file entry.txt (compact mmCIF, C-alpha atoms and all ligand atoms)
# COMPACT_ATOMS: atom_id res chain seq x y z
CA MET A 1 -141.49 -69.14 205.73
CA SER A 2 -137.92 -68.27 206.51
CA ILE A 3 -135.25 -70.91 206.64
CA TRP A 4 -134.90 -70.63 210.41
CA GLN A 5 -138.67 -70.82 210.98
CA ARG A 6 -138.65 -74.00 208.87
CA GLU A 7 -135.82 -75.54 210.94
CA ILE A 8 -137.55 -74.67 214.25
CA THR A 9 -140.90 -76.02 212.98
CA ILE A 10 -139.26 -79.35 212.03
CA ALA A 11 -137.62 -79.55 215.50
CA LEU A 12 -140.92 -78.73 217.24
CA LEU A 13 -142.88 -81.23 215.11
CA SER A 14 -140.30 -83.92 215.93
CA LEU A 15 -140.64 -83.15 219.64
CA PHE A 16 -144.42 -83.22 219.31
CA ALA A 17 -144.25 -86.62 217.56
CA VAL A 18 -141.94 -87.93 220.35
CA ALA A 19 -144.37 -86.63 223.00
CA VAL A 20 -147.43 -88.22 221.28
CA ILE A 21 -145.84 -91.57 220.43
CA GLY A 22 -143.94 -91.60 223.78
CA GLY A 23 -147.23 -90.86 225.62
CA LEU A 24 -148.99 -93.70 223.77
CA THR A 25 -146.22 -96.27 224.16
CA GLY A 26 -144.75 -95.06 227.50
CA TYR A 27 -141.22 -94.90 225.91
CA TRP A 28 -140.99 -91.19 225.51
CA LEU A 29 -137.42 -90.88 227.01
CA PRO A 30 -135.77 -93.50 224.71
CA MET A 31 -137.67 -91.94 221.81
CA LEU A 32 -136.45 -88.47 222.74
CA LEU A 33 -132.88 -89.81 222.89
CA ALA A 34 -133.29 -91.53 219.53
CA VAL A 35 -134.58 -88.35 217.87
CA ALA A 36 -131.75 -86.26 219.48
CA LEU A 37 -129.25 -88.82 218.19
CA ILE A 38 -130.69 -88.64 214.67
CA PHE A 39 -130.41 -84.80 214.81
CA LEU A 40 -126.83 -84.98 216.08
CA CYS A 41 -125.73 -87.53 213.46
CA ARG A 42 -127.33 -85.45 210.71
CA GLN A 43 -125.43 -82.32 211.87
CA ILE A 44 -122.12 -84.24 212.22
CA TYR A 45 -122.59 -85.60 208.72
CA GLN A 46 -123.25 -82.07 207.37
CA ILE A 47 -120.27 -80.57 209.22
CA ASN A 48 -118.04 -83.31 207.88
CA ARG A 49 -119.29 -82.74 204.34
CA PHE A 50 -118.78 -79.00 204.71
CA GLU A 51 -115.25 -79.47 206.09
CA ARG A 52 -114.33 -81.75 203.17
CA TRP A 53 -115.68 -79.22 200.69
CA ILE A 54 -113.92 -76.23 202.25
CA ARG A 55 -110.66 -78.23 202.69
CA VAL A 56 -110.25 -78.44 198.92
CA GLY A 57 -110.87 -74.69 198.60
CA GLY A 58 -114.65 -74.94 198.00
CA LYS A 59 -113.91 -75.59 194.34
CA GLY A 60 -116.73 -75.98 191.83
CA GLY A 61 -120.35 -75.97 192.94
CA TYR A 62 -121.44 -76.90 196.45
CA PRO A 63 -122.99 -80.28 197.42
CA ASN A 64 -126.71 -80.76 197.05
CA THR A 65 -128.33 -80.22 200.43
CA LYS A 66 -131.42 -78.70 201.99
CA GLY A 67 -132.35 -76.32 204.77
CA ILE A 68 -129.95 -74.18 206.76
CA TRP A 69 -126.93 -76.02 205.34
CA GLU A 70 -127.88 -75.08 201.83
CA GLU A 71 -127.93 -71.45 203.01
CA ILE A 72 -124.47 -71.80 204.63
CA TYR A 73 -123.05 -73.41 201.48
CA TYR A 74 -124.57 -70.70 199.33
CA HIS A 75 -123.13 -67.80 201.43
CA VAL A 76 -119.64 -69.29 201.57
CA TYR A 77 -119.80 -70.03 197.84
CA ARG A 78 -120.84 -66.41 197.12
CA ILE A 79 -118.04 -64.94 199.32
CA LYS A 80 -115.52 -67.16 197.56
CA LYS A 81 -116.81 -66.19 194.13
CA ASN A 82 -116.58 -62.44 194.97
CA ASP A 83 -113.12 -62.98 196.37
CA LYS A 84 -112.04 -64.73 193.18
CA ARG A 85 -113.43 -61.93 191.05
CA ARG A 86 -111.64 -59.29 193.20
CA LYS A 87 -108.36 -61.24 193.02
CA LYS A 88 -108.65 -61.49 189.25
CA LYS A 89 -109.27 -57.74 188.97
CA LEU A 90 -106.35 -56.99 191.30
CA GLY A 91 -104.08 -59.34 189.36
CA LYS A 92 -105.07 -57.60 186.12
CA MET A 93 -104.32 -54.20 187.69
CA ILE A 94 -100.93 -55.42 188.93
CA ASP A 95 -100.17 -56.81 185.46
CA GLN A 96 -101.09 -53.50 183.87
CA PHE A 97 -98.99 -51.61 186.42
CA ARG A 98 -96.03 -53.93 185.79
CA GLN A 99 -96.41 -53.59 182.04
CA SER A 100 -96.54 -49.78 182.25
CA THR A 101 -93.54 -49.56 184.61
CA GLU A 102 -91.68 -52.02 182.39
CA ALA A 103 -92.35 -49.70 179.47
CA LEU A 104 -91.10 -46.65 181.41
CA PRO A 105 -87.93 -45.16 179.98
CA ASP A 106 -86.82 -44.36 183.54
CA ALA A 107 -85.37 -47.00 185.84
CA ALA A 108 -87.59 -47.93 188.79
CA VAL A 109 -86.51 -50.16 191.68
CA VAL A 110 -88.77 -51.05 194.60
CA LEU A 111 -86.79 -51.29 197.83
CA GLY A 112 -87.93 -53.16 200.93
CA SER A 113 -87.57 -52.09 204.54
CA ASP A 114 -83.97 -53.39 204.69
CA ASP A 115 -83.05 -51.51 201.49
CA GLU A 116 -83.18 -54.80 199.60
CA ILE A 117 -84.35 -54.93 195.99
CA GLU A 118 -87.89 -56.25 195.76
CA TRP A 119 -88.57 -55.51 192.12
CA ALA A 120 -86.89 -53.66 189.26
CA ASN A 121 -88.12 -52.75 185.78
CA LYS A 122 -86.32 -53.43 182.51
CA ALA A 123 -84.77 -49.95 182.33
CA ALA A 124 -83.24 -50.51 185.79
CA LEU A 125 -81.58 -53.67 184.54
CA ASN A 126 -80.22 -51.84 181.48
CA VAL A 127 -79.17 -48.56 182.99
CA LEU A 128 -78.20 -49.56 186.55
CA GLY A 129 -76.70 -52.88 185.50
CA LEU A 130 -78.94 -54.87 187.86
CA GLN A 131 -79.67 -58.57 187.24
CA GLN A 132 -82.84 -60.52 187.92
CA SER A 133 -80.81 -62.53 190.44
CA ASP A 134 -80.06 -59.33 192.41
CA LYS A 135 -83.52 -59.46 193.98
CA GLY A 136 -83.16 -59.50 197.75
CA GLN A 137 -79.71 -57.89 197.64
CA ARG A 138 -79.17 -54.55 199.40
CA ILE A 139 -79.05 -51.71 196.90
CA LEU A 140 -75.95 -50.24 198.59
CA ASN A 141 -74.05 -53.44 197.79
CA LEU A 142 -74.76 -52.91 194.11
CA LEU A 143 -74.64 -49.11 193.71
CA ARG A 144 -71.44 -48.33 195.54
CA TYR A 145 -70.78 -44.70 194.53
CA PRO A 146 -69.74 -42.79 197.69
CA GLU A 147 -72.07 -39.88 196.75
CA PHE A 148 -74.98 -42.33 196.50
CA VAL A 149 -74.12 -44.00 199.82
CA ARG A 150 -73.96 -40.55 201.48
CA TYR A 151 -77.26 -39.51 199.85
CA PHE A 152 -78.92 -42.76 200.90
CA ASP A 153 -77.67 -42.60 204.48
CA ALA A 154 -78.54 -38.91 204.90
CA LYS A 155 -82.22 -39.81 204.19
CA ASP A 156 -82.85 -36.36 202.76
CA PHE A 157 -84.47 -37.27 199.45
CA ARG A 158 -85.85 -33.86 198.46
CA ASP A 159 -83.40 -33.52 195.55
CA ALA A 160 -82.04 -35.99 193.06
CA ILE A 161 -78.31 -36.71 192.79
CA ILE A 162 -76.37 -36.93 189.58
CA LEU A 163 -74.39 -40.14 189.01
CA PRO A 164 -72.76 -41.84 186.04
CA SER A 165 -74.41 -45.08 185.01
CA PRO A 166 -72.53 -48.15 186.35
CA VAL A 167 -72.99 -49.70 182.89
CA ASP A 168 -71.65 -46.82 180.81
CA ALA A 169 -69.87 -43.85 182.39
CA ASN A 170 -71.01 -41.64 179.48
CA ILE A 171 -74.63 -41.98 180.60
CA ILE A 172 -75.52 -39.47 183.29
CA LEU A 173 -78.35 -40.37 185.66
CA ALA A 174 -80.47 -38.25 187.99
CA VAL A 175 -81.20 -40.67 190.84
CA ARG A 176 -83.96 -40.00 193.30
CA ILE A 177 -85.54 -41.92 196.17
CA VAL A 178 -89.25 -41.64 196.91
CA SER A 179 -90.55 -42.97 200.23
CA TYR A 180 -93.97 -44.57 200.43
CA GLY A 181 -95.87 -46.98 202.66
CA ALA A 182 -94.27 -48.31 205.84
CA GLY A 183 -90.51 -48.10 205.29
CA LEU A 184 -90.77 -48.83 201.55
CA ARG A 185 -88.88 -46.81 198.97
CA LEU A 186 -88.82 -46.42 195.25
CA LEU A 187 -85.55 -45.62 193.50
CA LEU A 188 -86.00 -43.74 190.24
CA ALA A 189 -83.16 -43.07 187.82
CA GLN A 190 -83.63 -40.81 184.81
CA ASP A 191 -81.19 -40.53 181.93
CA VAL A 192 -80.21 -36.83 181.87
CA THR A 193 -77.18 -37.18 179.60
CA GLN A 194 -78.62 -34.88 176.93
CA LEU A 195 -79.73 -32.33 179.48
CA LYS A 196 -76.28 -32.30 181.09
CA GLN A 197 -74.62 -32.02 177.68
CA MET A 198 -76.77 -29.01 176.87
CA GLU A 199 -76.02 -27.52 180.28
CA ARG A 200 -72.30 -27.98 179.66
CA MET A 201 -72.63 -26.39 176.24
CA ARG A 202 -74.48 -23.47 177.81
CA LYS A 203 -71.81 -23.08 180.49
CA ASP A 204 -69.00 -23.31 177.93
CA PHE A 205 -70.72 -20.81 175.67
CA VAL A 206 -71.29 -18.29 178.47
CA ALA A 207 -67.73 -18.78 179.73
CA ASN A 208 -66.21 -18.35 176.28
CA VAL A 209 -68.32 -15.33 175.32
CA SER A 210 -67.66 -13.63 178.66
CA HIS A 211 -63.98 -14.32 178.36
CA GLU A 212 -63.79 -13.07 174.78
CA LEU A 213 -65.73 -9.91 175.64
CA ARG A 214 -63.44 -9.00 178.47
CA THR A 215 -60.45 -7.79 176.42
CA PRO A 216 -62.39 -5.67 173.87
CA LEU A 217 -64.32 -4.08 176.73
CA THR A 218 -61.12 -3.16 178.57
CA VAL A 219 -59.69 -1.66 175.36
CA LEU A 220 -62.94 0.22 174.70
CA LYS A 221 -63.03 1.57 178.25
CA GLY A 222 -59.39 2.66 177.95
CA TYR A 223 -60.07 4.59 174.74
CA ILE A 224 -63.20 6.19 176.17
CA GLU A 225 -61.25 7.36 179.23
CA THR A 226 -58.50 8.75 176.96
CA LEU A 227 -61.12 10.57 174.88
CA GLN A 228 -62.70 11.92 178.07
CA ASP A 229 -59.27 13.21 179.15
CA LEU A 230 -58.86 14.91 175.76
CA ASP A 231 -62.38 16.37 175.83
CA ASP A 232 -62.17 20.10 176.57
CA GLY A 233 -65.91 20.37 177.19
CA GLY A 234 -66.48 22.34 173.98
CA SER A 235 -69.34 20.10 172.90
CA ALA A 236 -71.97 19.14 175.44
CA LEU A 237 -73.16 16.40 173.07
CA LEU A 238 -69.70 14.85 172.88
CA THR A 239 -69.17 15.09 176.67
CA GLY A 240 -72.57 13.53 177.33
CA SER A 241 -72.03 10.78 174.76
CA LEU A 242 -68.62 9.88 176.16
CA GLU A 243 -70.07 9.73 179.69
CA GLN A 244 -72.87 7.47 178.51
CA MET A 245 -70.41 5.26 176.65
CA ARG A 246 -68.30 5.00 179.77
CA GLY A 247 -71.35 4.10 181.90
CA GLN A 248 -72.58 1.45 179.47
CA THR A 249 -69.11 -0.06 179.05
CA GLU A 250 -68.78 -0.26 182.81
CA ARG A 251 -72.19 -1.95 183.02
CA MET A 252 -71.14 -4.51 180.47
CA GLN A 253 -67.92 -5.08 182.35
CA HIS A 254 -69.90 -5.80 185.53
CA LEU A 255 -72.10 -8.22 183.60
CA VAL A 256 -69.11 -10.03 182.14
CA ASP A 257 -67.42 -10.16 185.57
CA ASP A 258 -70.58 -11.59 187.18
CA LEU A 259 -71.00 -14.17 184.42
CA LEU A 260 -67.38 -15.22 184.77
CA MET A 261 -67.80 -15.48 188.53
CA LEU A 262 -70.84 -17.73 188.07
CA THR A 263 -68.95 -19.88 185.59
CA ARG A 264 -66.08 -20.18 188.05
CA LEU A 265 -68.51 -21.21 190.79
CA GLU A 266 -70.03 -23.85 188.55
CA THR A 267 -66.83 -25.32 187.21
CA GLN A 268 -63.91 -24.70 189.53
CA GLN A 269 -62.77 -26.58 192.60
CA ARG A 270 -63.00 -24.65 195.87
CA ARG A 271 -59.87 -23.71 197.74
CA THR A 272 -60.99 -24.42 201.27
CA LEU A 273 -59.14 -22.65 204.06
CA CYS A 274 -60.10 -21.27 207.44
CA VAL A 275 -61.35 -17.78 206.49
CA ASP A 276 -60.96 -15.05 209.13
CA MET A 277 -64.56 -13.82 209.01
CA PRO A 278 -64.27 -10.78 211.31
CA ALA A 279 -61.30 -9.49 209.27
CA LEU A 280 -63.06 -10.19 205.97
CA LEU A 281 -66.25 -8.43 207.08
CA LYS A 282 -64.32 -5.42 208.39
CA GLN A 283 -62.58 -5.09 205.05
CA ILE A 284 -65.78 -5.44 202.96
CA CYS A 285 -67.59 -2.90 205.15
CA SER A 286 -64.69 -0.44 204.94
CA GLU A 287 -64.83 -0.75 201.14
CA GLY A 288 -68.56 0.10 201.27
CA GLY A 289 -69.73 -3.13 199.64
CA GLY A 290 -68.21 -2.08 196.34
CA VAL A 291 -70.89 0.60 195.80
CA GLU A 292 -69.45 3.80 194.38
CA ASN A 293 -70.58 7.16 195.76
CA SER A 294 -72.84 5.58 198.37
CA SER A 295 -73.92 7.84 201.19
CA GLY A 296 -75.28 4.94 203.25
CA HIS A 297 -73.80 4.13 206.66
CA ILE A 298 -72.67 0.64 207.50
CA GLU A 299 -72.80 -0.52 211.11
CA LEU A 300 -70.80 -3.68 211.65
CA SER A 301 -71.44 -5.72 214.76
CA LEU A 302 -69.02 -8.59 215.34
CA GLU A 303 -70.63 -10.66 218.09
CA SER A 304 -68.61 -13.80 217.38
CA GLU A 305 -64.99 -14.55 216.60
CA VAL A 306 -65.84 -17.76 214.81
CA ASN A 307 -64.35 -18.41 211.37
CA ILE A 308 -65.51 -20.43 208.38
CA HIS A 309 -63.93 -23.22 206.35
CA GLY A 310 -64.30 -21.95 202.83
CA ASP A 311 -63.03 -20.06 199.83
CA GLU A 312 -62.21 -16.47 200.80
CA GLN A 313 -62.64 -15.06 197.31
CA GLU A 314 -66.07 -16.63 196.92
CA LEU A 315 -67.24 -15.53 200.36
CA ARG A 316 -65.95 -12.01 199.70
CA SER A 317 -67.90 -11.87 196.46
CA ALA A 318 -71.13 -13.10 198.12
CA PHE A 319 -70.95 -10.72 201.09
CA THR A 320 -69.97 -7.77 198.86
CA ASN A 321 -73.06 -8.46 196.75
CA LEU A 322 -75.33 -8.58 199.81
CA LEU A 323 -73.90 -5.39 201.28
CA GLY A 324 -73.87 -3.68 197.87
CA ASN A 325 -77.55 -4.51 197.36
CA ALA A 326 -78.47 -3.29 200.86
CA LEU A 327 -76.87 0.09 200.04
CA LYS A 328 -78.14 0.23 196.45
CA TYR A 329 -81.75 -0.45 197.32
CA SER A 330 -81.90 1.96 200.29
CA PRO A 331 -82.44 5.71 200.38
CA ALA A 332 -79.40 8.00 200.70
CA ASP A 333 -77.96 8.27 204.23
CA SER A 334 -79.82 5.20 205.47
CA VAL A 335 -78.13 2.75 207.83
CA VAL A 336 -77.26 -0.83 206.93
CA ASN A 337 -76.58 -3.23 209.81
CA VAL A 338 -74.16 -6.10 209.34
CA ARG A 339 -74.09 -8.70 212.14
CA TRP A 340 -71.84 -11.71 212.57
CA PHE A 341 -73.05 -13.98 215.36
CA GLN A 342 -73.60 -17.56 216.46
CA ASP A 343 -77.07 -19.06 216.76
CA GLY A 344 -76.75 -22.41 218.54
CA ASP A 345 -74.17 -24.36 216.58
CA THR A 346 -74.61 -22.35 213.38
CA ALA A 347 -72.89 -19.10 212.43
CA VAL A 348 -74.97 -16.34 210.88
CA LEU A 349 -74.15 -13.31 208.78
CA GLU A 350 -77.05 -10.87 208.71
CA VAL A 351 -77.32 -7.85 206.42
CA GLN A 352 -80.27 -5.67 207.29
CA ASP A 353 -81.37 -2.51 205.51
CA ARG A 354 -84.25 -0.08 205.76
CA GLY A 355 -84.63 0.28 202.03
CA ILE A 356 -87.29 -0.27 199.43
CA GLY A 357 -87.87 -3.94 200.34
CA ILE A 358 -89.01 -6.76 198.07
CA ALA A 359 -92.60 -7.81 197.32
CA ALA A 360 -93.51 -11.22 198.81
CA ALA A 361 -94.09 -12.65 195.31
CA ASP A 362 -90.58 -11.64 194.21
CA ILE A 363 -88.71 -13.06 197.21
CA PRO A 364 -88.54 -16.68 195.94
CA ARG A 365 -87.35 -15.44 192.53
CA VAL A 366 -84.64 -12.88 193.35
CA THR A 367 -81.90 -15.52 193.41
CA GLU A 368 -82.69 -16.54 189.81
CA ARG A 369 -80.24 -15.39 187.16
CA PHE A 370 -81.14 -12.03 185.60
CA TYR A 371 -84.24 -11.62 187.79
CA ARG A 372 -84.61 -8.00 188.83
CA ALA A 373 -87.56 -7.17 191.06
CA GLU A 374 -86.90 -3.46 191.08
CA SER A 375 -88.89 -2.92 187.85
CA HIS A 376 -91.99 -3.58 189.95
CA HIS A 377 -91.41 -0.46 191.94
CA GLY A 378 -90.21 1.62 189.06
CA ARG A 379 -86.66 2.39 190.20
CA LYS A 380 -83.80 2.49 187.78
CA THR A 381 -81.00 1.13 189.93
CA PRO A 382 -78.11 -0.21 187.89
CA GLY A 383 -77.48 -3.93 188.25
CA THR A 384 -77.03 -7.17 186.37
CA GLY A 385 -79.56 -9.37 188.16
CA LEU A 386 -76.75 -11.85 188.82
CA GLY A 387 -75.62 -10.76 192.29
CA LEU A 388 -77.98 -12.93 194.33
CA ALA A 389 -77.48 -15.87 191.95
CA ILE A 390 -73.79 -15.63 192.86
CA VAL A 391 -74.67 -15.42 196.57
CA LYS A 392 -76.87 -18.51 196.29
CA HIS A 393 -74.17 -20.47 194.49
CA VAL A 394 -71.44 -19.51 196.93
CA LEU A 395 -73.60 -20.46 199.92
CA LEU A 396 -74.52 -23.76 198.28
CA ARG A 397 -70.83 -24.52 197.88
CA HIS A 398 -70.38 -23.78 201.60
CA ASP A 399 -73.36 -25.93 202.74
CA ALA A 400 -75.01 -22.71 203.91
CA ARG A 401 -78.58 -21.43 203.47
CA LEU A 402 -79.85 -17.98 202.52
CA HIS A 403 -82.88 -16.59 204.34
CA ILE A 404 -84.65 -13.52 203.03
CA ILE A 405 -87.14 -11.55 205.08
CA SER A 406 -88.41 -8.43 203.38
CA GLU A 407 -91.34 -6.07 203.25
CA LEU A 408 -92.02 -3.48 200.60
CA GLY A 409 -91.20 0.01 201.83
CA LYS A 410 -89.75 -1.24 205.13
CA GLY A 411 -86.51 -2.98 204.23
CA SER A 412 -84.90 -6.37 203.88
CA CYS A 413 -82.89 -8.77 205.98
CA PHE A 414 -80.65 -11.26 204.19
CA SER A 415 -79.06 -13.87 206.45
CA CYS A 416 -76.53 -16.57 205.59
CA HIS A 417 -76.58 -19.59 207.91
CA PHE A 418 -73.39 -21.67 208.06
CA PRO A 419 -73.74 -25.15 209.60
CA ALA A 420 -71.57 -26.43 212.46
CA ASN A 421 -69.33 -28.53 210.17
CA ARG A 422 -68.19 -25.31 208.46
CA LEU A 423 -67.01 -23.54 211.61
CA CYS A 424 -63.34 -23.34 212.54
CA ASP A 425 -61.57 -21.49 215.37
P1 LIG A 501 -79.02 -6.69 190.85
O1 LIG A 501 -77.79 -6.59 190.06
O2 LIG A 501 -80.25 -6.33 190.09
O3 LIG A 501 -78.94 -6.03 192.17
P2 LIG A 501 -79.27 -9.13 192.35
O4 LIG A 501 -79.26 -10.53 191.89
O5 LIG A 501 -78.24 -8.72 193.34
O6 LIG A 501 -79.20 -8.25 191.05
O7 LIG A 501 -80.68 -8.84 192.97
C1 LIG A 501 -81.85 -9.26 192.28
C2 LIG A 501 -83.00 -8.35 192.61
O8 LIG A 501 -83.37 -8.50 193.98
C3 LIG A 501 -82.66 -6.90 192.47
O9 LIG A 501 -82.86 -6.44 191.15
C4 LIG A 501 -83.61 -6.25 193.45
O10 LIG A 501 -84.84 -6.02 192.84
C5 LIG A 501 -83.81 -7.28 194.53
N1 LIG A 501 -82.97 -7.00 195.72
C6 LIG A 501 -81.80 -7.56 196.04
N2 LIG A 501 -81.34 -7.09 197.23
C7 LIG A 501 -82.25 -6.20 197.66
C8 LIG A 501 -82.38 -5.37 198.81
N3 LIG A 501 -81.45 -5.37 199.79
N4 LIG A 501 -83.47 -4.58 198.91
C9 LIG A 501 -84.42 -4.61 197.97
N5 LIG A 501 -84.38 -5.35 196.85
C10 LIG A 501 -83.30 -6.15 196.69
call {"tool": "encode", "arguments": {"input": "entry.txt", "output": "structure tokens", "more": "lines below"}}
Ligand code: ADP
result
Amino acid sequence: MSIWQREITIALLSLFAVAVIGGLTGYWLPMLLAVALIFLCRQIYQINRFERWIRVGGKGGYPNTKGIWEEIYYHVYRIKKNDKRRKKKLGKMIDQFRQSTEALPDAAVVLGSDDEIEWANKAALNVLGLQQSDKGQRILNLLRYPEFVRYFDAKDFRDAIILPSPVDANIILAVRIVSYGAGLRLLLAQDVTQLKQMERMRKDFVANVSHELRTPLTVLKGYIETLQDLDDGGSALLTGSLEQMRGQTERMQHLVDDLLMLTRLETQQRRTLCVDMPALLKQICSEGGGVENSSGHIELSLESEVNIHGDEQELRSAFTNLLGNALKYSPADSVVNVRWFQDGDTAVLEVQDRGIGIAAADIPRVTERFYRAESHHGRKTPGTGLGLAIVKHVLLRHDARLHIISELGKGSCFSCHFPANRLCD
């Protein structure tokens, strides 16, 4: 018999007893009232007992009782027990998570919806100079570097920013914000001092080697040219060798020049002026993008008079590389279109060719240093593989973006997009 059937049977039996005894004595109404009262008092007593038990959190076992109330006590007790077990498990997980984040070598700070510090691990205290008492303080009140404030306010957290540690300026940190949940953010700071030191060593090494190679190469080229002048053509081997030496020396000179340009871009301050873009583009196009003996035709279309705040030498180098590539990687006599125009509030320089094009898989890689996609289509075009790396760097220093659209065998379109804050009249 189920618990409810039992309860109903007891109620029915009680009613039956009231009806029989009431019928015999003639007091069935007072008897009915008395039985109802007993039922009511019993339920009030049980409710009161239950309320007292639940008020103290249902601790320990439940009171000894029978019938439907025993069932109610048992269910509540079971729910509470499961809840306790779940809480314990969750607490253990949180403890483990805290312990692992505490052990992390990288600083981690949990930020609330008002950018206030909710939690920070040990590394954050050491490397960012935070204190336990800083909890609840806004992170911008504690990390006051202007670059960090700009980064934080811009809300573009795709890349990390490099900052010195507030505790020790010799420690370099890569700081990054990761958004999660509703308005919550995690600030991560990684010690990249060693990485930056190695990068500086690499830059210094490349800069020094390039610089040191420059003079011997110029001397070598001078001697080769003198020997070529003296060569009367009597020996085909000598003439050929001298020509090859000249070609290779020139190639090395280009490489050294490109490496020096990249070093300059990485280390030197920009000289920002309002650069007359139409005049600059006219000049670069008239010089044929620096490509010797090119039979390609350049069509320049100046659809805007707008100018750019920037470094003229850097912009010249970037555009010369783009135009030079367009001519280099196109068949003889093909046309290269150069367009300068405005698209909404941005200014765009577009260099379009009908040349050999770039395979889709190579497009994301062509701006890497020394990456040359041409080997895939078997052409032997001279180059250093540094031209587009220079273009990328220059554009980065001018807050501009490079777009590449290309199809093998059809041609390429390289466009440089300058944002509104870079435009001047
Ligand atoms: P490179 O000195 O080899 O031209 P770049 O960095 O300028 O070096 O270019 C990298 C590679 O991108 C080139 O080797 C070439 O394969 C490809 N590339 C660049 N511009 C073009 C273009 N306009 N058409 C086809 N391929 C191009």
call {"tool": "closest_atom_pairs", "arguments": {"input": "entry.txt", "of": "chain A", "to": "ligand LIG 501 (chain A)", "cutoff": "7 Å", "atoms": "all atoms listed in the file", "output": "CSV"}}
result
residue,atom,partner,partner_atom,distance
A:Asn321,CA,A:LIG501,O5,6.2
A:Leu322,CA,A:LIG501,N2,6.7
A:Asn325,CA,A:LIG501,N2,4.6
A:Ala326,CA,A:LIG501,N3,3.8
A:Tyr329,CA,A:LIG501,N4,4.7
A:Ser330,CA,A:LIG501,N4,6.9
A:Asp353,CA,A:LIG501,N3,6.4
A:Gly355,CA,A:LIG501,N4,5.9
A:Ile356,CA,A:LIG501,C9,5.4
A:Gly357,CA,A:LIG501,C9,4.2
A:Ile358,CA,A:LIG501,N5,5.0
A:Val366,CA,A:LIG501,O8,4.6
A:Thr367,CA,A:LIG501,O4,5.8
A:Arg369,CA,A:LIG501,O4,6.9
A:Phe370,CA,A:LIG501,O4,6.7
A:Tyr371,CA,A:LIG501,C1,5.6
A:Arg372,CA,A:LIG501,O9,3.3
A:Ala373,CA,A:LIG501,O10,3.4
A:Glu374,CA,A:LIG501,O10,3.7
A:Pro382,CA,A:LIG501,O1,6.7
A:Gly383,CA,A:LIG501,O1,3.2
A:Thr384,CA,A:LIG501,O1,3.8
A:Gly385,CA,A:LIG501,O6,3.1
A:Leu386,CA,A:LIG501,O4,4.2
A:Gly387,CA,A:LIG501,O5,3.5
A:Leu388,CA,A:LIG501,O4,3.7
A:Ala389,CA,A:LIG501,O4,5.6
A:Gly411,CA,A:LIG501,N4,6.3
A:Ser412,CA,A:LIG501,N3,5.4
call {"tool": "closest_residue", "arguments": {"input": "entry.txt", "among": "A:Gln46, A:Asp257, A:Asp343, A:Thr218", "to": "Lys66 of chain A", "atoms": "all atoms listed in the file"}}
result
A:Gln46
call {"tool": "atom_distance", "arguments": {"input": "entry.txt", "atom1": "atom CA of Asp204 of chain A", "atom2": "atom CA of Leu217 of chain A"}}
result
19.8 Å
call {"tool": "residues_around", "arguments": {"input": "entry.txt", "residues": "Pro216 of chain A", "least_positions_apart": "4", "cutoff": "12 Å", "atoms": "all atoms listed in the file", "output": "list of chain:residue names"}}
result
A:Val209, A:Ser210, A:His211, A:Glu212, A:Leu220, A:Lys221, A:Gly222, A:Tyr223, A:Thr249, A:Met252, A:Gln253, A:Val256
call {"tool": "write_last_selection", "arguments": {"input": "entry.txt", "atoms": "C-alpha atoms", "output": "PDB file, in the coordinates of the input"}}
result
ATOM      1  CA  VAL A 209     -68.320 -15.330 175.320  1.00  0.00           C
ATOM      2  CA  SER A 210     -67.660 -13.630 178.660  1.00  0.00           C
ATOM      3  CA  HIS A 211     -63.980 -14.320 178.360  1.00  0.00           C
ATOM      4  CA  GLU A 212     -63.790 -13.070 174.780  1.00  0.00           C
ATOM      5  CA  LEU A 220     -62.940   0.220 174.700  1.00  0.00           C
ATOM      6  CA  LYS A 221     -63.030   1.570 178.250  1.00  0.00           C
ATOM      7  CA  GLY A 222     -59.390   2.660 177.950  1.00  0.00           C
ATOM      8  CA  TYR A 223     -60.070   4.590 174.740  1.00  0.00           C
ATOM      9  CA  THR A 249     -69.110  -0.060 179.050  1.00  0.00           C
ATOM     10  CA  MET A 252     -71.140  -4.510 180.470  1.00  0.00           C
ATOM     11  CA  GLN A 253     -67.920  -5.080 182.350  1.00  0.00           C
ATOM     12  CA  VAL A 256     -69.110 -10.030 182.140  1.00  0.00           C
TER      13      VAL A 256
END
call {"tool": "residues_around", "arguments": {"input": "entry.txt", "residues": "Tyr180 of chain A", "least_positions_apart": "5", "cutoff": "12 Å", "atoms": "only C-alpha atoms", "output": "number ranges by chain"}}
result
A: 110-113, 185-187
call {"tool": "write_last_selection", "arguments": {"input": "entry.txt", "atoms": "C-alpha atoms", "output": "compact mmCIF listing (two decimals), in the frame of the given file"}}
result
# COMPACT_ATOMS: atom_id res chain seq x y z
CA VAL A 110 -88.77 -51.05 194.60
CA LEU A 111 -86.79 -51.29 197.83
CA GLY A 112 -87.93 -53.16 200.93
CA SER A 113 -87.57 -52.09 204.54
CA ARG A 185 -88.88 -46.81 198.97
CA LEU A 186 -88.82 -46.42 195.25
CA LEU A 187 -85.55 -45.62 193.50
call {"tool": "atom_distance", "arguments": {"input": "entry.txt", "atom1": "atom CA of Lys328 of chain A", "atom2": "atom CA of Ser406 of chain A"}}
result
15.1 Å
call {"tool": "atom_distance", "arguments": {"input": "entry.txt", "atom1": "atom CA of Cys416 of chain A", "atom2": "atom CA of Ser334 of chain A"}}
result
22.0 Å
